[in-house]
Amino acid sequence: MALPQPLPKVPSTDEIVPAMQRIISQYNTVRKVILQTVTPSTASFDNVLYPLAQVENSVQGEHGMIYMLQYGSPSLATQEAFNQAHKLFVEAQASWTMDERFFKLLRAARENPDFERLDVESRHLLEKELLSYRHAGHGLLSPSELEEYSKQRMEIANLERRFQQSLARENGGVWFTLDELDGLPAEELAKWKDGSGERSRENQTSTGLKFVPFANGGTFAVLTYAKRSETRKRMFLEDNMKLGENKPVLEAIIKRRAAQAHLLKYPHHAAFRLERRMMKTMQWLEDFLGQLRQTLCLCGREEIKVLQHRRLKDLQESGQYAERRAAEKFPPWDKRYYERLVEQEFDIDQTTISEFFPLERTATGMLDIFSSLLELRFEPVPTENLNEDVIWHDTVRVFSVWDTKCGGFIGYLYFDLLWRENKYRGNQSVNIQCGYLKPDGNRQHPSTILMCSFPTSTPTTCALLKHHQVVTLFHEMGHGIHDLLAKTRYVHFHGYRLPPDFGEMPSVMLENWCWMPDVLKRLSCHYTTLNDNYLVEWRKQHPGGSDPPKEIPEDLVNRLVKHRYFNRGLYHLYQLSISIFDLQIHSLKAQTEIAELNVQKLWYDLREEIEGMDFSECRDGFAFGTFTHLTAGYDVCYYAYLCRSCTAMAQDLFFSVFAEAPYNKDSWDRYRRHILEQGGSQQDLLKMLEDFLGRPPNMNALVEGLARGAN
């Protein structure tokens, strides 16, 4: 079958480093010509930056595929080849930004009167590139200082890679007896290997043991279902101890970042990073987080009281109450378990709910929703077009995306949704090929991936999603749609290539659809309708009972939606504690503060103070070693992720534009044109949103939304 645009090619392991060398060579060739032919007196955007923007446009697809392999390739050899290639590119970037001659040309191009006559996106590109050179020390540092500064940047990049690799390759877990795992659903137990041929922690034969991995949903399942508090505690504490090797790596990164910021005359790394964020000032950020802390902590304490009341009832019934000296304190390993029990009192069973959201069917159902909202069409690319040259794993699916209004091709959307060994542990949208405007006026269409790690199937069921995972998938798909619909001139601003404190907003706004009863019913189907064998197994497990309904029952949906805001205060407090941790470790000014920083103590102090749980037995752990955002470009920006400013803007946008008419075609068309298609091309993103809303955004909308839900 002929495809509207060739699928991006996946390089073999041996091709990765030569491909990166070829990309670097193209940049070097163009830069050399610019430096030979342009002087500060003749410098303009057209002869200094535009030629390099054209190189970036042309090579980004190949570069993007190489970059993706660090997350998606199952091969450690391929990941190592990426590391070598990435190191080459980082070194090349360092050499480019060290070039003072080029800095002077960029500065002269900015001062050229023709600058004001450029289109908005071109002006933004030049301003951003000039800031990159200033952030590299130009205008402040001597040549020898520039060289040392560049060397330190390389060391930080290498440390960040080490942190990420440790996280991706972590494969620990805990051996439990079946008695210890009492309460775990059979389908969860079936996923984990038994102890045949292994030895237990007591050095006894391991018959009846199960190895529960920290990854692939293992920790979450034990904390949610295990009836024994000792089992939950052990799982939590051992999970908490993983990745201790990331502690010194993170500490080294923090110290080097602080030193780099000081060298450039910034008070701290946070001030340095905020220049590239939508929210530019520390004062605004500190005030905003402080206001949320004051408001949300009250909400969280009330939610802890509800969970603690349920917990103490359990302890009394089991005769353990008198044995618990700290019964008045709430341990973090009991949070998810008692959330589930309280949900059951609301007659909400997340396991039952998950049976109506088989992963593949739910994901394609989401495509149907985006089709109707944004007038798109998603067509599966036939399997005969998907060989090892264009996909990196046999579970990957690809869709061509079309505009139903004009019939035009938009791009490709990939699904890579399941956990596997050596794969990125989180859920994200990853761009392979950005869209851009070619010199001949035609458009290169984008390709983007939903790169997720949802738990795999069991022997008797397919992969199923809890409701919170349905929300996560819809969120990430929102990023993918944003990426597909963007129409920018340069790849530099394509899709959600914009400050994260704005870039998360569209996807956070979309999460509201996952709480609409009609949407949940539309997405649902009982997994047994997908395969006769599933139904046979279901009947074995439910002898004498009737077959399950084909879609989620209306009363179950209504109960779920009714209690949407249950424990949302604690959810936001978790996000808040991490946001403040991110800000504090990066806002140290004095050398003594930096030298004396105890990352471990600060992490658990903040979590205990803000979330209101007792972390006293966890303080020798390394949970911060799993905080991937700190080393993946989200440093001094976690406040934007799912929570904080972007959530406030997202809720404001939803309630003012979509809440009363969530399927209004005119609203969606305007949103597509004025927000999604703009990508990161607009320099003033708050003004872009303000123009769309017709007023300044309401930054209190998060707290107001929680209050609305509580009432």
# chains A, B, ... in the order shown; residues from 1 in each chain; ligands from 1

$ residues_around --residues "stretch 159-173 of chain A" --least-positions-apart "4" --cutoff "10 Å" --atoms "only C-alpha atoms" --output "VMD selection string"
chain A and resid 70 to 71 76 79 to 80 83 86 to 87 153 to 155 211 to 216 218 to 219 235 238 to 239 242 to 250 252 to 253 421 to 426 625 to 633

$ select_by_dssp --residues "stretch 100-168 of chain A" --states "alpha helix (DSSP H)" --output "PyMOL selection string"
chain A and resi 100-111+120-135+143-168

$ atom_distance --atom1 "atom CA of A:Glu328" --atom2 "atom CA of A:His309"
9.6 Å

$ residues_around --residues "A:Ser12" --least-positions-apart "6" --cutoff "10 Å" --atoms "only C-alpha atoms" --output "ChimeraX atom specification"
/A:66,78,81,388-389,392

$ closest_atom_pairs --of "stretch 350-465 of chain A" --to "stretch 484-491 of chain A" --cutoff "8 Å" --atoms "only C-alpha atoms" --output "CSV"
residue,atom,partner,partner_atom,distance
A:Ile410,CA,A:Leu484,CA,6.6
A:Gly411,CA,A:Leu484,CA,6.2
A:Tyr412,CA,A:Leu484,CA,7.7
A:Leu413,CA,A:Leu484,CA,7.9
A:Cys434,CA,A:Val491,CA,5.5
A:Gly435,CA,A:Val491,CA,6.1
A:Tyr436,CA,A:Arg489,CA,5.0
A:Leu437,CA,A:Arg489,CA,4.9
A:His445,CA,A:Leu484,CA,8.0
A:Pro446,CA,A:Leu484,CA,5.9
A:Ser447,CA,A:Leu484,CA,7.1
A:Thr448,CA,A:Leu484,CA,7.1

$ closest_residue --among "A:Lys601, A:His468, A:His479, A:Lys589" --to "A:His268" --atoms "only C-alpha atoms"
A:Lys589

$ residues_around --residues "A:Lys405" --least-positions-apart "5" --cutoff "10 Å" --atoms "only C-alpha atoms" --output "VMD selection string"
chain A and resid 374 to 377

$ write_last_selection --atoms "all heavy atoms" --output "JSON list (two decimals), in the first residue's frame"
[["chain", "number", "residue", "atom", "x", "y", "z"],
["A", 374, "LEU", "N", -12.02, 17.22, 16.77],
["A", 374, "LEU", "CA", -11.12, 18.03, 15.95],
["A", 374, "LEU", "C", -11.23, 17.71, 14.46],
["A", 374, "LEU", "O", -10.41, 18.18, 13.67],
["A", 374, "LEU", "CB", -9.68, 17.82, 16.42],
["A", 374, "LEU", "CG", -9.39, 18.40, 17.81],
["A", 374, "LEU", "CD1", -8.14, 17.78, 18.42],
["A", 374, "LEU", "CD2", -9.24, 19.91, 17.74],
["A", 375, "GLU", "N", -12.24, 16.93, 14.10],
["A", 375, "GLU", "CA", -12.49, 16.58, 12.70],
["A", 375, "GLU", "C", -11.26, 15.95, 12.04],
["A", 375, "GLU", "O", -10.72, 16.43, 11.06],
["A", 375, "GLU", "CB", -12.97, 17.82, 11.93],
["A", 375, "GLU", "CG", -14.27, 18.38, 12.50],
["A", 375, "GLU", "CD", -14.85, 19.52, 11.69],
["A", 375, "GLU", "OE1", -14.50, 20.67, 11.97],
["A", 375, "GLU", "OE2", -15.66, 19.24, 10.79],
["A", 376, "LEU", "N", -10.85, 14.84, 12.66],
["A", 376, "LEU", "CA", -9.70, 14.07, 12.18],
["A", 376, "LEU", "C", -10.14, 12.66, 11.82],
["A", 376, "LEU", "O", -11.21, 12.20, 12.20],
["A", 376, "LEU", "CB", -8.62, 14.00, 13.27],
["A", 376, "LEU", "CG", -8.13, 15.31, 13.86],
["A", 376, "LEU", "CD1", -7.18, 15.05, 15.02],
["A", 376, "LEU", "CD2", -7.45, 16.17, 12.79],
["A", 377, "ARG", "N", -9.28, 11.97, 11.08],
["A", 377, "ARG", "CA", -9.50, 10.56, 10.77],
["A", 377, "ARG", "C", -8.20, 9.80, 10.99],
["A", 377, "ARG", "O", -7.13, 10.25, 10.54],
["A", 377, "ARG", "CB", -9.97, 10.40, 9.32],
["A", 377, "ARG", "CG", -10.38, 8.96, 8.98],
["A", 377, "ARG", "CD", -10.98, 8.85, 7.58],
["A", 377, "ARG", "NE", -9.97, 8.80, 6.53],
["A", 377, "ARG", "CZ", -9.68, 9.80, 5.71],
["A", 377, "ARG", "NH1", -10.32, 10.95, 5.81],
["A", 377, "ARG", "NH2", -8.76, 9.67, 4.77]]

$ closest_residue --among "A:Leu418, A:Leu373, A:Ile432, A:Leu130" --to "A:Lys665" --atoms "only C-alpha atoms"
A:Leu373

$ residues_around --residues "A:Asn533" --least-positions-apart "5" --cutoff "10 Å" --atoms "only C-alpha atoms" --output "list in words"
Thr460, Thr461, Thr528, Trp538 and Arg539 of chain A

$ residues_around --residues "A:Ile594" --least-positions-apart "5" --cutoff "9 Å" --atoms "only C-alpha atoms" --output "list in words"
Ile254, Lys255, Ala258, Ile585, Leu588 and Lys589 of chain A

$ residues_around --residues "A:Met688" --least-positions-apart "5" --cutoff "12 Å" --atoms "only C-alpha atoms" --output "ChimeraX atom specification"
/A:278,502,671,673-683,693-697

$ select_by_dssp --residues "stretch 312-464 of chain A" --states "strand (DSSP E)" --output "JSON, numbers by chain"
{"A": [376, 377, 378, 379, 380, 397, 398, 399, 400, 401, 402, 403, 409, 410, 411, 412, 413, 414, 415, 416, 417, 418, 428, 429, 430, 431, 432, 433, 436, 437, 443, 444, 447, 448, 449, 450, 451, 452, 453, 454]}

$ atom_distance --atom1 "atom CA of A:Tyr414" --atom2 "atom CA of A:Pro439"
27.4 Å

$ atom_distance --atom1 "atom CA of A:Asp555" --atom2 "atom CA of A:Arg361"
21.7 Å

$ closest_residue --among "A:His475, A:Gly480, A:Tyr338, A:Glu56" --to "A:Phe415" --atoms "only C-alpha atoms"
A:Gly480
